[in-house]
$ cat my_file30.txt   # compact mmCIF, C-alpha atoms
# COMPACT_ATOMS: atom_id res chain seq x y z
CA MET S 228 -15.22 -53.24 -37.04
CA LYS S 229 -15.13 -52.63 -33.29
CA PHE S 230 -11.52 -53.83 -33.16
CA LEU S 231 -10.63 -51.58 -36.07
CA MET S 232 -12.18 -48.56 -34.40
CA GLN S 233 -10.35 -49.29 -31.14
CA THR S 234 -7.09 -49.65 -33.06
CA LEU S 235 -7.63 -46.32 -34.82
CA ILE S 236 -8.44 -44.56 -31.55
CA ILE S 237 -5.38 -45.99 -29.79
CA SER S 238 -3.21 -45.13 -32.79
CA GLY S 239 -4.53 -41.58 -32.77
CA LEU S 240 -3.88 -41.19 -29.05
CA LEU S 241 -0.34 -42.51 -29.40
CA SER S 242 0.24 -40.14 -32.29
CA PHE S 243 -1.04 -37.22 -30.20
CA VAL S 244 1.19 -38.15 -27.27
CA ALA S 245 4.20 -38.50 -29.57
CA CYS S 246 3.52 -35.12 -31.15
CA ALA S 247 3.15 -33.54 -27.71
CA GLN S 248 6.58 -34.65 -26.50
CA ASP S 249 9.45 -32.23 -26.23
CA LYS S 250 12.57 -33.75 -27.78
CA ASN S 251 15.21 -31.33 -26.53
CA PRO S 252 18.19 -33.20 -25.04
CA ILE S 253 19.10 -32.93 -21.36
CA ASN S 254 22.33 -31.11 -20.57
CA LYS S 255 24.06 -32.85 -17.66
CA GLU S 256 26.97 -30.44 -17.27
CA HIS S 257 25.29 -28.31 -14.66
CA SER S 258 23.92 -28.36 -11.15
CA TYR S 259 22.00 -25.97 -8.93
CA GLU S 260 21.82 -24.56 -5.45
CA LEU S 261 18.51 -23.84 -3.74
CA VAL S 262 18.82 -20.23 -2.58
CA VAL S 263 15.26 -19.38 -1.50
CA SER S 264 13.07 -22.30 -0.44
CA GLU S 265 9.34 -22.78 0.10
CA LEU S 266 7.90 -20.43 -2.49
CA ILE S 267 4.60 -21.15 -4.21
CA ASN S 268 4.74 -19.13 -7.43
CA PRO S 269 7.70 -16.72 -7.63
CA TRP S 270 6.29 -14.87 -10.65
CA GLY S 271 8.95 -12.18 -10.65
CA PHE S 272 11.98 -11.13 -8.64
CA ASP S 273 14.78 -8.58 -8.70
CA PHE S 274 17.93 -7.80 -6.72
CA LEU S 275 18.40 -4.82 -4.44
CA PRO S 276 21.82 -3.11 -4.41
CA ASP S 277 22.70 -4.84 -1.12
CA GLY S 278 22.24 -8.25 -2.77
CA SER S 279 18.91 -9.05 -1.14
CA MET S 280 15.95 -10.06 -3.30
CA LEU S 281 12.45 -8.74 -3.78
CA ILE S 282 10.22 -11.64 -4.78
CA ASN S 283 6.65 -11.39 -6.09
CA GLU S 284 4.45 -14.29 -5.04
CA LYS S 285 1.56 -14.44 -7.50
CA GLU S 286 -1.06 -14.63 -4.75
CA GLY S 287 -0.25 -11.03 -3.79
CA ARG S 288 2.76 -11.00 -1.46
CA ILE S 289 6.16 -9.37 -1.92
CA ILE S 290 8.94 -11.02 0.04
CA ARG S 291 12.27 -9.45 0.86
CA PHE S 292 14.87 -12.20 1.18
CA GLU S 293 18.04 -11.20 3.00
CA ASN S 294 20.63 -13.35 4.79
CA GLY S 295 18.33 -16.36 4.71
CA ILE S 296 15.38 -14.48 6.23
CA LYS S 297 12.07 -13.73 4.50
CA THR S 298 10.22 -10.54 5.36
CA GLU S 299 6.80 -9.83 3.89
CA LEU S 300 6.41 -6.24 2.70
CA LYS S 301 3.53 -4.05 3.78
CA GLY S 302 1.56 -1.76 1.49
CA VAL S 303 1.43 -4.17 -1.45
CA PRO S 304 -1.43 -3.31 -3.84
CA LYS S 305 -4.48 -5.56 -3.73
CA VAL S 306 -4.42 -7.95 -6.66
CA TYR S 307 -7.18 -9.62 -8.66
CA ASN S 308 -5.93 -13.14 -7.98
CA ARG S 309 -7.82 -15.14 -10.58
CA GLY S 310 -6.56 -17.72 -13.06
CA GLN S 311 -3.32 -16.42 -14.55
CA GLY S 312 -3.75 -13.07 -12.82
CA GLY S 313 -2.17 -11.91 -9.59
CA LEU S 314 1.03 -10.15 -8.59
CA LEU S 315 3.25 -10.39 -11.65
CA ASP S 316 6.59 -8.77 -12.44
CA ILE S 317 8.85 -6.52 -10.36
CA LYS S 318 11.73 -4.37 -11.62
CA LEU S 319 14.00 -1.80 -10.04
CA HIS S 320 14.61 1.45 -11.89
CA PRO S 321 18.09 1.41 -13.52
CA LYS S 322 18.99 4.37 -11.27
CA PHE S 323 17.36 2.88 -8.19
CA GLU S 324 20.21 3.90 -5.91
CA ASP S 325 19.50 7.53 -6.84
CA ASN S 326 15.70 7.59 -6.98
CA GLY S 327 14.45 4.50 -5.11
CA TRP S 328 11.73 3.60 -7.63
CA ILE S 329 10.39 0.04 -7.88
CA TYR S 330 7.92 -0.97 -10.61
CA LEU S 331 5.24 -3.68 -10.38
CA THR S 332 2.75 -5.22 -12.76
CA TYR S 333 -0.31 -6.95 -11.35
CA SER S 334 -3.92 -7.73 -12.14
CA SER S 335 -6.16 -5.05 -10.69
CA SER S 336 -9.91 -4.75 -10.21
CA GLU S 337 -9.67 -0.95 -10.17
CA GLY S 338 -12.37 0.55 -12.43
CA LYS S 339 -16.08 0.37 -12.99
CA ASP S 340 -16.36 -3.06 -14.64
CA LYS S 341 -16.32 -6.39 -12.83
CA GLY S 342 -13.19 -8.50 -12.94
CA GLY S 343 -9.72 -7.16 -13.55
CA HIS S 344 -7.03 -6.16 -16.00
CA THR S 345 -3.27 -5.55 -15.87
CA ALA S 346 -1.89 -2.50 -14.10
CA LEU S 347 1.56 -0.96 -13.73
CA MET S 348 2.52 0.75 -10.46
CA ARG S 349 5.63 2.40 -9.12
CA ALA S 350 6.51 2.81 -5.44
CA LYS S 351 9.38 3.26 -3.02
CA LEU S 352 10.53 0.89 -0.30
CA VAL S 353 10.99 2.27 3.20
CA ASN S 354 11.24 0.10 6.32
CA ASP S 355 9.83 -2.91 4.46
CA SER S 356 6.76 -0.94 3.34
CA LEU S 357 5.79 0.32 -0.10
CA ILE S 358 5.12 4.07 -0.05
CA GLU S 359 4.51 6.82 -2.61
CA LYS S 360 2.53 4.33 -4.65
CA LYS S 361 1.17 5.49 -7.98
CA VAL S 362 -0.61 3.54 -10.71
CA LEU S 363 1.08 4.55 -13.96
CA TYR S 364 -1.15 2.52 -16.26
CA LYS S 365 -4.35 0.52 -15.85
CA ALA S 366 -5.69 -1.39 -18.81
CA THR S 367 -9.43 -1.42 -19.55
CA PRO S 368 -12.03 -2.77 -19.62
CA ASN S 369 -11.99 -5.20 -16.71
CA THR S 370 -13.14 -8.72 -17.44
CA THR S 371 -13.77 -11.76 -15.27
CA LYS S 372 -11.82 -13.97 -17.68
CA GLY S 373 -8.87 -15.58 -15.97
CA GLN S 374 -6.33 -15.72 -18.78
CA HIS S 375 -3.65 -13.70 -20.54
CA PHE S 376 -2.62 -10.82 -18.28
CA GLY S 377 1.06 -10.83 -19.41
CA SER S 378 3.21 -9.22 -17.91
CA ARG S 379 6.93 -8.38 -17.86
CA ILE S 380 8.84 -5.11 -17.39
CA VAL S 381 12.15 -3.89 -18.86
CA PHE S 382 13.98 -0.56 -19.15
CA ASP S 383 16.03 0.32 -22.21
CA ASP S 384 19.29 2.30 -22.31
CA ASN S 385 17.39 5.57 -22.79
CA GLY S 386 15.34 5.12 -19.64
CA TYR S 387 12.08 4.15 -21.33
CA LEU S 388 9.93 1.60 -19.53
CA TYR S 389 8.34 -1.27 -21.47
CA PHE S 390 5.72 -3.68 -20.19
CA THR S 391 3.50 -6.33 -21.73
CA ILE S 392 -0.19 -7.12 -21.40
CA GLY S 393 -1.84 -10.26 -22.78
CA GLU S 394 -5.03 -10.12 -24.82
CA ARG S 395 -7.16 -11.21 -21.83
CA GLY S 396 -8.83 -14.05 -23.73
CA ASN S 397 -10.44 -11.70 -26.25
CA ARG S 398 -8.39 -12.73 -29.25
CA ASP S 399 -10.81 -11.53 -31.92
CA GLU S 400 -10.80 -7.88 -30.79
CA ASN S 401 -7.96 -6.83 -28.57
CA PRO S 402 -4.66 -7.80 -30.27
CA GLN S 403 -5.33 -6.16 -33.65
CA ASP S 404 -7.12 -3.03 -32.41
CA ILE S 405 -4.86 -0.20 -31.26
CA THR S 406 -7.83 1.57 -29.64
CA ARG S 407 -8.13 -1.31 -27.16
CA ASP S 408 -5.84 -2.58 -24.44
CA GLY S 409 -4.49 -6.13 -24.43
CA GLY S 410 -2.19 -8.11 -26.70
CA LYS S 411 0.35 -5.28 -26.73
CA VAL S 412 3.82 -4.14 -25.70
CA TYR S 413 3.63 -0.67 -24.12
CA ARG S 414 6.24 2.07 -23.68
CA LEU S 415 6.15 4.86 -21.10
CA ASN S 416 8.47 7.40 -19.60
CA GLU S 417 9.62 6.45 -16.12
CA ASP S 418 6.91 8.65 -14.55
CA GLY S 419 4.10 7.11 -16.60
CA THR S 420 3.80 9.87 -19.19
CA ILE S 421 3.65 9.01 -22.89
CA PRO S 422 6.83 9.44 -24.96
CA THR S 423 6.22 11.96 -27.71
CA ASP S 424 7.63 9.63 -30.36
CA ASN S 425 5.51 6.60 -29.49
CA PRO S 426 4.26 5.13 -32.78
CA PHE S 427 0.54 5.83 -32.31
CA VAL S 428 0.50 9.20 -30.56
CA ASP S 429 -1.12 10.83 -33.61
CA LYS S 430 -3.65 8.07 -34.33
CA GLU S 431 -7.24 8.95 -33.47
CA ASN S 432 -8.55 7.12 -30.39
CA ALA S 433 -5.41 4.97 -30.15
CA LYS S 434 -3.99 3.86 -26.82
CA THR S 435 -0.92 6.04 -27.14
CA ALA S 436 1.18 3.94 -24.76
CA ILE S 437 1.19 1.09 -27.31
CA TYR S 438 4.59 0.29 -28.80
CA SER S 439 3.71 -2.91 -30.73
CA TYR S 440 0.60 -5.04 -31.14
CA GLY S 441 -0.73 -8.37 -32.37
CA HIS S 442 0.54 -10.32 -29.35
CA ARG S 443 -1.17 -13.14 -27.46
CA ASN S 444 0.28 -13.45 -23.96
CA PRO S 445 3.87 -12.24 -23.53
CA GLN S 446 5.35 -13.54 -20.26
CA GLY S 447 8.99 -12.97 -21.19
CA MET S 448 10.84 -9.78 -22.15
CA VAL S 449 14.52 -8.88 -21.98
CA ILE S 450 17.10 -6.57 -23.56
CA HIS S 451 19.72 -8.29 -25.73
CA PRO S 452 23.13 -7.74 -24.05
CA GLU S 453 24.89 -6.74 -27.29
CA THR S 454 22.36 -5.42 -29.81
CA ARG S 455 20.23 -3.81 -27.04
CA GLU S 456 17.09 -4.87 -28.90
CA ILE S 457 13.94 -5.81 -27.01
CA TRP S 458 13.22 -9.54 -27.18
CA THR S 459 9.94 -11.08 -26.05
CA HIS S 460 8.34 -14.46 -26.05
CA GLU S 461 4.67 -15.25 -25.88
CA HIS S 462 2.37 -18.19 -25.39
CA GLY S 463 0.77 -19.59 -28.49
CA PRO S 464 -2.35 -21.70 -28.23
CA LYS S 465 -1.65 -25.40 -28.95
CA GLY S 466 1.73 -24.92 -30.63
CA GLY S 467 3.07 -21.63 -31.89
CA ASP S 468 4.80 -20.13 -28.85
CA GLU S 469 7.02 -17.39 -30.27
CA ILE S 470 10.20 -15.39 -29.77
CA ASN S 471 10.00 -11.90 -31.27
CA ILE S 472 12.25 -8.85 -31.56
CA ILE S 473 10.07 -5.85 -30.83
CA LYS S 474 10.11 -2.81 -33.11
CA PRO S 475 7.95 0.32 -32.79
CA GLY S 476 4.53 0.21 -34.40
CA LEU S 477 4.82 -3.29 -35.83
CA ASN S 478 2.09 -5.92 -35.92
CA TYR S 479 3.08 -9.38 -34.71
CA GLY S 480 0.08 -11.08 -36.20
CA TRP S 481 -2.02 -12.73 -33.52
CA PRO S 482 -4.56 -14.18 -34.29
CA VAL S 483 -4.50 -13.46 -38.04
CA ILE S 484 -1.33 -15.52 -38.45
CA THR S 485 -0.07 -18.24 -36.12
CA TYR S 486 1.80 -21.54 -36.13
CA GLY S 487 -0.58 -22.87 -33.50
CA ILE S 488 -4.05 -24.41 -33.49
CA ASN S 489 -6.96 -24.40 -31.06
CA TYR S 490 -6.62 -26.56 -27.97
CA ILE S 491 -9.32 -28.89 -29.32
CA GLY S 492 -7.29 -29.43 -32.48
CA THR S 493 -9.20 -27.21 -34.93
CA LYS S 494 -7.56 -24.51 -37.01
CA ILE S 495 -7.44 -20.88 -35.94
CA THR S 496 -6.34 -19.76 -39.38
CA ASP S 497 -4.78 -21.24 -42.50
CA GLU S 498 -2.20 -18.44 -42.59
CA THR S 499 1.24 -18.45 -40.97
CA ALA S 500 2.44 -15.35 -42.83
CA LYS S 501 0.89 -12.19 -44.17
CA SER S 502 2.13 -8.91 -45.58
CA GLY S 503 2.45 -6.25 -42.89
CA MET S 504 2.80 -8.78 -40.08
CA GLU S 505 6.05 -9.87 -38.46
CA GLN S 506 7.41 -13.40 -38.49
CA PRO S 507 8.73 -14.77 -35.20
CA LEU S 508 12.45 -15.26 -34.79
CA HIS S 509 11.62 -18.73 -33.46
CA TYR S 510 8.51 -20.74 -32.62
CA TRP S 511 7.85 -23.90 -30.66
CA THR S 512 5.65 -26.78 -31.77
CA PRO S 513 4.62 -28.35 -29.48
CA SER S 514 4.22 -25.44 -27.09
CA ILE S 515 6.59 -25.34 -24.16
CA ALA S 516 4.41 -22.72 -22.38
CA PRO S 517 7.21 -20.16 -21.92
CA SER S 518 7.61 -17.92 -18.88
CA GLY S 519 10.60 -15.90 -17.81
CA MET S 520 13.45 -14.93 -20.13
CA GLU S 521 17.09 -13.96 -19.72
CA PHE S 522 20.29 -13.72 -21.73
CA ILE S 523 23.56 -14.97 -20.27
CA SER S 524 25.96 -12.03 -20.36
CA SER S 525 28.45 -12.95 -17.62
CA ASP S 526 31.61 -15.06 -17.55
CA LYS S 527 30.11 -17.72 -15.27
CA TYR S 528 28.95 -20.03 -18.07
CA LYS S 529 31.74 -20.80 -20.52
CA GLY S 530 30.32 -21.90 -23.87
CA TRP S 531 26.90 -20.42 -23.13
CA GLU S 532 27.79 -16.76 -23.65
CA ASN S 533 24.80 -14.80 -25.03
CA ASN S 534 22.60 -17.89 -24.92
CA LEU S 535 18.92 -17.18 -24.31
CA LEU S 536 17.25 -18.90 -21.37
CA VAL S 537 13.48 -19.49 -21.45
CA GLY S 538 11.41 -21.21 -18.78
CA SER S 539 9.04 -24.02 -19.73
CA LEU S 540 5.93 -24.32 -17.62
CA LYS S 541 4.57 -27.28 -19.57
CA PHE S 542 7.66 -29.50 -19.65
CA GLN S 543 9.23 -28.17 -16.45
CA TYR S 544 12.73 -27.22 -17.48
CA LEU S 545 14.95 -24.25 -18.36
CA ASP S 546 15.41 -24.07 -22.14
CA ASN S 547 19.00 -23.20 -23.07
CA CYS S 548 18.80 -21.67 -26.56
CA TYR S 549 21.95 -21.30 -28.66
CA ILE S 550 21.62 -18.47 -31.18
CA LYS S 551 23.60 -17.86 -34.35
CA ASP S 552 22.92 -15.32 -37.09
CA GLY S 553 19.58 -14.43 -35.53
CA LYS S 554 18.31 -18.02 -35.35
CA VAL S 555 17.92 -20.57 -32.58
CA ILE S 556 20.19 -23.37 -33.77
CA LYS S 557 20.11 -25.65 -30.73
CA GLU S 558 18.09 -26.15 -27.57
CA GLU S 559 18.72 -28.24 -24.48
CA ARG S 560 17.14 -28.85 -21.12
CA LEU S 561 18.58 -27.45 -17.92
CA LEU S 562 17.11 -28.03 -14.43
CA ASP S 563 15.02 -30.78 -15.98
CA GLY S 564 12.00 -31.88 -13.95
CA LEU S 565 12.51 -29.53 -10.98
CA GLY S 566 9.14 -27.89 -11.60
CA ARG S 567 7.40 -25.23 -13.66
CA VAL S 568 9.99 -22.56 -14.44
CA ARG S 569 8.32 -19.18 -13.92
CA SER S 570 11.02 -16.47 -13.71
CA ILE S 571 14.70 -15.98 -14.60
CA ASN S 572 17.23 -13.27 -13.77
CA GLN S 573 20.98 -12.86 -13.96
CA GLY S 574 22.11 -11.68 -10.55
CA PRO S 575 24.67 -8.99 -9.77
CA ASP S 576 27.18 -11.80 -9.13
CA GLY S 577 26.79 -12.99 -12.74
CA TYR S 578 24.96 -16.19 -11.85
CA ILE S 579 21.56 -17.11 -13.27
CA TYR S 580 18.73 -17.39 -10.74
CA VAL S 581 15.55 -19.26 -11.59
CA GLY S 582 12.14 -19.10 -9.90
CA ILE S 583 10.42 -22.49 -9.86
CA GLU S 584 6.86 -23.05 -8.73
CA ASN S 585 6.37 -24.97 -5.48
CA LEU S 586 10.12 -25.02 -4.89
CA GLY S 587 11.74 -21.60 -4.73
CA ILE S 588 14.63 -19.78 -6.39
CA VAL S 589 17.69 -21.76 -7.46
CA LYS S 590 21.14 -20.67 -8.67
CA LEU S 591 22.31 -22.32 -11.89
CA ILE S 592 25.86 -23.69 -11.76
CA LYS S 593 27.83 -24.94 -14.77
CA THR S 594 29.96 -27.93 -13.76
CA ASP S 595 32.24 -28.70 -16.74

$ encode --input "my_file30.txt" --output "structure tokens"
Amino acid sequence: MKFLMQTLIISGLLSFVACAQDKNPINKEHSYELVVSELINPWGFDFLPDGSMLINEKEGRIIRFENGIKTELKGVPKVYNRGQGGLLDIKLHPKFEDNGWIYLTYSSSEGKDKGGHTALMRAKLVNDSLIEKKVLYKATPNTTKGQHFGSRIVFDDNGYLYFTIGERGNRDENPQDITRDGGKVYRLNEDGTIPTDNPFVDKENAKTAIYSYGHRNPQGMVIHPETREIWTHEHGPKGGDEINIIKPGLNYGWPVITYGINYIGTKITDETAKSGMEQPLHYWTPSIAPSGMEFISSDKYKGWENNLLVGSLKFQYLDNCYIKDGKVIKEERLLDGLGRVRSINQGPDGYIYVGIENLGIVKLIKTD
């Protein structure tokens, strides 16, 4: 009996390990160049018009990288650096050369409750200092939980600003309640005011900045280069990471429907679909723990045009997703084993740049 029990336990463990493996093939027709070295957690970065980079280190530093030299900016907002929280995304206004606005998301302890929640700020950069700082949105209530802050920023072609906030570990209340922050995609005007056609502006007690809801922890968001739709991805629990196309007012289901389970192996729900809730365009089982997201829209990567790139924190590679007729038809590993891929951007030179934890920012080069 003892031998049988040991056999069953070993068999179960082997089965678990097998199920937890990522089977995407490794693409060997590429290389990379280390552009910015010795970064800890480059959570977000963007390119200034002169080609230099602004890099958010999660711990709360913004680095300007120019001609091989790193300069730490002054005037950076104080961050609530706990768990998954810290200094998150950074994005230049599409008309930055005219108005100078830079946008940041970060976890902030501002407010009456202990802990922190995600905030959105805009500022200008003068002499390596942030000035004219203004918080455009601060989610409430603060909590000392360390998970699910989000947060990515994009601008659409009409100048609207979108940003994501995770459900802050309160899955049973926040994602499905439009009167509460968390588990949402938000839309604002560039100055932080609420667009008059936001989907919930006429709903009593609603957070009127909300654009969509029912999300878990979106750490990737990008505009499709051709359709101009807003694409996001979000962390599932154990399994069930998702890619979604965001539409105004829609419910993306978390936690009522999911393809994932609890980390201990128990079910969250028996339902993977429900009327009135959106199905993901794609989901991962096992979870890859996605972070960072970018489409290839340049001529630097023949054969990969319009492919979607997603970082994997768990398996430490860049996921190259081939898409046809609105479906992911093939995936392969790029930059395999370099480290946890945190952030991705296509630079003004058309090359893809990738932020990797405990390494830095690398340039992706296709070699065939």

$ residues_around --input "my_file30.txt" --residues "Glu558 (chain S)" --least-positions-apart "6" --cutoff "9 Å" --atoms "only C-alpha atoms" --output "list in words"
Asn251, Pro252, Asp546, Asn547, Cys548 and Tyr549 of chain S

$ write_last_selection --input "my_file30.txt" --atoms "C-alpha atoms" --output "JSON list (two decimals), keeping the file's coordinate frame"
[["chain", "number", "residue", "atom", "x", "y", "z"],
["S", 251, "ASN", "CA", 15.21, -31.33, -26.53],
["S", 252, "PRO", "CA", 18.19, -33.20, -25.04],
["S", 546, "ASP", "CA", 15.41, -24.07, -22.14],
["S", 547, "ASN", "CA", 19.00, -23.20, -23.07],
["S", 548, "CYS", "CA", 18.80, -21.67, -26.56],
["S", 549, "TYR", "CA", 21.95, -21.30, -28.66]]

$ residues_near_point --input "my_file30.txt" --point "(17.7, 3.5, -11.0)" --cutoff "12 Å" --atoms "all atoms listed in the file" --output "MDAnalysis selection string"
chainID S and resid 275:276 318:330 351 382:388 417

$ closest_residue --input "my_file30.txt" --among "S:Ile592, S:Ile290, S:Met448, S:Leu535" --to "Asn268 (chain S)" --atoms "all atoms listed in the file"
S:Ile290

$ closest_residue --input "my_file30.txt" --among "S:Lys527, S:Lys541, S:Arg567, S:Lys434" --to "Gly466 (chain S)" --atoms "all atoms listed in the file"
S:Lys541

$ residues_around --input "my_file30.txt" --residues "region 352-355 of chain S" --least-positions-apart "4" --cutoff "9 Å" --atoms "all atoms listed in the file" --output "list in words"
Arg291, Thr298, Glu299, Leu300, Lys301, Gly302, Gly327, Trp328, Ile329 and Glu359 of chain S

$ residues_around --input "my_file30.txt" --residues "Ile457 (chain S)" --least-positions-apart "3" --cutoff "8 Å" --atoms "all atoms listed in the file" --output "number ranges by chain"
S: 448-451, 472-474

$ residues_around --input "my_file30.txt" --residues "Tyr389 (chain S)" --least-positions-apart "6" --cutoff "6 Å" --atoms "only C-alpha atoms" --output "ChimeraX atom specification"
/S:380-381,413-414

$ residues_around --input "my_file30.txt" --residues "Glu461 (chain S)" --least-positions-apart "4" --cutoff "7 Å" --atoms "only C-alpha atoms" --output "ChimeraX atom specification"
/S:443-447,468-470,517

$ write_last_selection --input "my_file30.txt" --atoms "C-alpha atoms" --output "PDB file, in the frame of the given file"
ATOM      1  CA  ARG S 443      -1.170 -13.140 -27.460  1.00  0.00           C
ATOM      2  CA  ASN S 444       0.280 -13.450 -23.960  1.00  0.00           C
ATOM      3  CA  PRO S 445       3.870 -12.240 -23.530  1.00  0.00           C
ATOM      4  CA  GLN S 446       5.350 -13.540 -20.260  1.00  0.00           C
ATOM      5  CA  GLY S 447       8.990 -12.970 -21.190  1.00  0.00           C
ATOM      6  CA  ASP S 468       4.800 -20.130 -28.850  1.00  0.00           C
ATOM      7  CA  GLU S 469       7.020 -17.390 -30.270  1.00  0.00           C
ATOM      8  CA  ILE S 470      10.200 -15.390 -29.770  1.00  0.00           C
ATOM      9  CA  PRO S 517       7.210 -20.160 -21.920  1.00  0.00           C
TER      10      PRO S 517
END

$ closest_residue --input "my_file30.txt" --among "S:Leu565, S:Ile289, S:Ile495, S:Ile437" --to "Lys465 (chain S)" --atoms "only C-alpha atoms"
S:Ile495

$ atom_distance --input "my_file30.txt" --atom1 "CA of Ala516 (chain S)" --atom2 "CA of Pro402 (chain S)"
19.2 Å

$ atom_distance --input "my_file30.txt" --atom1 "CA of Ile253 (chain S)" --atom2 "CA of Leu561 (chain S)"
6.5 Å

$ closest_residue --input "my_file30.txt" --among "S:Asp595, S:Glu260, S:Asp576, S:Glu559" --to "Asp277 (chain S)" --atoms "all atoms listed in the file"
S:Asp576

$ closest_residue --input "my_file30.txt" --among "S:His462, S:His509, S:Lys285, S:His344" --to "Trp481 (chain S)" --atoms "all atoms listed in the file"
S:His462

$ atom_distance --input "my_file30.txt" --atom1 "CA of Gln543 (chain S)" --atom2 "CA of Gly564 (chain S)"
5.3 Å

$ decode --input "my_file30.txt" --residues "region 256-275 of chain S" --atoms "N, CA and C atoms" --output "mmCIF file, in the first residue's frame"
data_model
loop_
_atom_site.group_PDB
_atom_site.id
_atom_site.type_symbol
_atom_site.label_atom_id
_atom_site.label_comp_id
_atom_site.auth_asym_id
_atom_site.auth_seq_id
_atom_site.Cartn_x
_atom_site.Cartn_y
_atom_site.Cartn_z
ATOM 1 N N GLU S 256 15.903 31.914 -35.640
ATOM 2 C CA GLU S 256 16.279 32.840 -36.701
ATOM 3 C C GLU S 256 16.260 34.286 -36.212
ATOM 4 N N HIS S 257 16.845 34.486 -35.063
ATOM 5 C CA HIS S 257 16.921 35.842 -34.524
ATOM 6 C C HIS S 257 18.080 35.937 -33.551
ATOM 7 N N SER S 258 18.462 37.163 -33.272
ATOM 8 C CA SER S 258 19.470 37.437 -32.253
ATOM 9 C C SER S 258 19.056 38.703 -31.525
ATOM 10 N N TYR S 259 19.930 39.228 -30.709
ATOM 11 C CA TYR S 259 19.595 40.450 -29.979
ATOM 12 C C TYR S 259 20.858 41.234 -29.675
ATOM 13 N N GLU S 260 20.640 42.499 -29.386
ATOM 14 C CA GLU S 260 21.719 43.386 -28.954
ATOM 15 C C GLU S 260 21.308 44.024 -27.646
ATOM 16 N N LEU S 261 22.158 43.958 -26.641
ATOM 17 C CA LEU S 261 21.882 44.592 -25.359
ATOM 18 C C LEU S 261 22.114 46.094 -25.497
ATOM 19 N N VAL S 262 21.050 46.865 -25.371
ATOM 20 C CA VAL S 262 21.120 48.317 -25.594
ATOM 21 C C VAL S 262 21.297 49.065 -24.277
ATOM 22 N N VAL S 263 20.532 48.691 -23.263
ATOM 23 C CA VAL S 263 20.639 49.308 -21.937
ATOM 24 C C VAL S 263 20.889 48.184 -20.940
ATOM 25 N N SER S 264 22.006 48.219 -20.272
ATOM 26 C CA SER S 264 22.374 47.144 -19.346
ATOM 27 C C SER S 264 22.050 47.512 -17.907
ATOM 28 N N GLU S 265 22.121 46.526 -17.047
ATOM 29 C CA GLU S 265 22.055 46.698 -15.592
ATOM 30 C C GLU S 265 20.788 47.402 -15.135
ATOM 31 N N LEU S 266 19.646 46.893 -15.586
ATOM 32 C CA LEU S 266 18.359 47.335 -15.070
ATOM 33 C C LEU S 266 17.765 46.218 -14.230
ATOM 34 N N ILE S 267 16.993 46.595 -13.218
ATOM 35 C CA ILE S 267 16.417 45.598 -12.319
ATOM 36 C C ILE S 267 15.052 45.144 -12.813
ATOM 37 N N ASN S 268 14.152 46.098 -13.002
ATOM 38 C CA ASN S 268 12.796 45.760 -13.466
ATOM 39 C C ASN S 268 12.276 46.905 -14.330
ATOM 40 N N PRO S 269 12.659 46.903 -15.626
ATOM 41 C CA PRO S 269 12.221 47.972 -16.526
ATOM 42 C C PRO S 269 10.750 47.797 -16.898
ATOM 43 N N TRP S 270 9.872 48.249 -16.000
ATOM 44 C CA TRP S 270 8.433 47.963 -16.118
ATOM 45 C C TRP S 270 7.823 48.618 -17.345
ATOM 46 N N GLY S 271 8.299 49.803 -17.677
ATOM 47 C CA GLY S 271 7.807 50.501 -18.859
ATOM 48 C C GLY S 271 8.893 51.399 -19.405
ATOM 49 N N PHE S 272 8.822 51.679 -20.711
ATOM 50 C CA PHE S 272 9.759 52.636 -21.300
ATOM 51 C C PHE S 272 9.142 53.214 -22.557
ATOM 52 N N ASP S 273 9.649 54.386 -22.947
ATOM 53 C CA ASP S 273 9.190 55.028 -24.179
ATOM 54 C C ASP S 273 10.351 55.843 -24.743
ATOM 55 N N PHE S 274 10.218 56.251 -26.009
ATOM 56 C CA PHE S 274 11.285 56.936 -26.718
ATOM 57 C C PHE S 274 10.960 58.416 -26.862
ATOM 58 N N LEU S 275 11.917 59.250 -26.511
ATOM 59 C CA LEU S 275 11.801 60.677 -26.751
ATOM 60 C C LEU S 275 12.106 60.972 -28.222
#
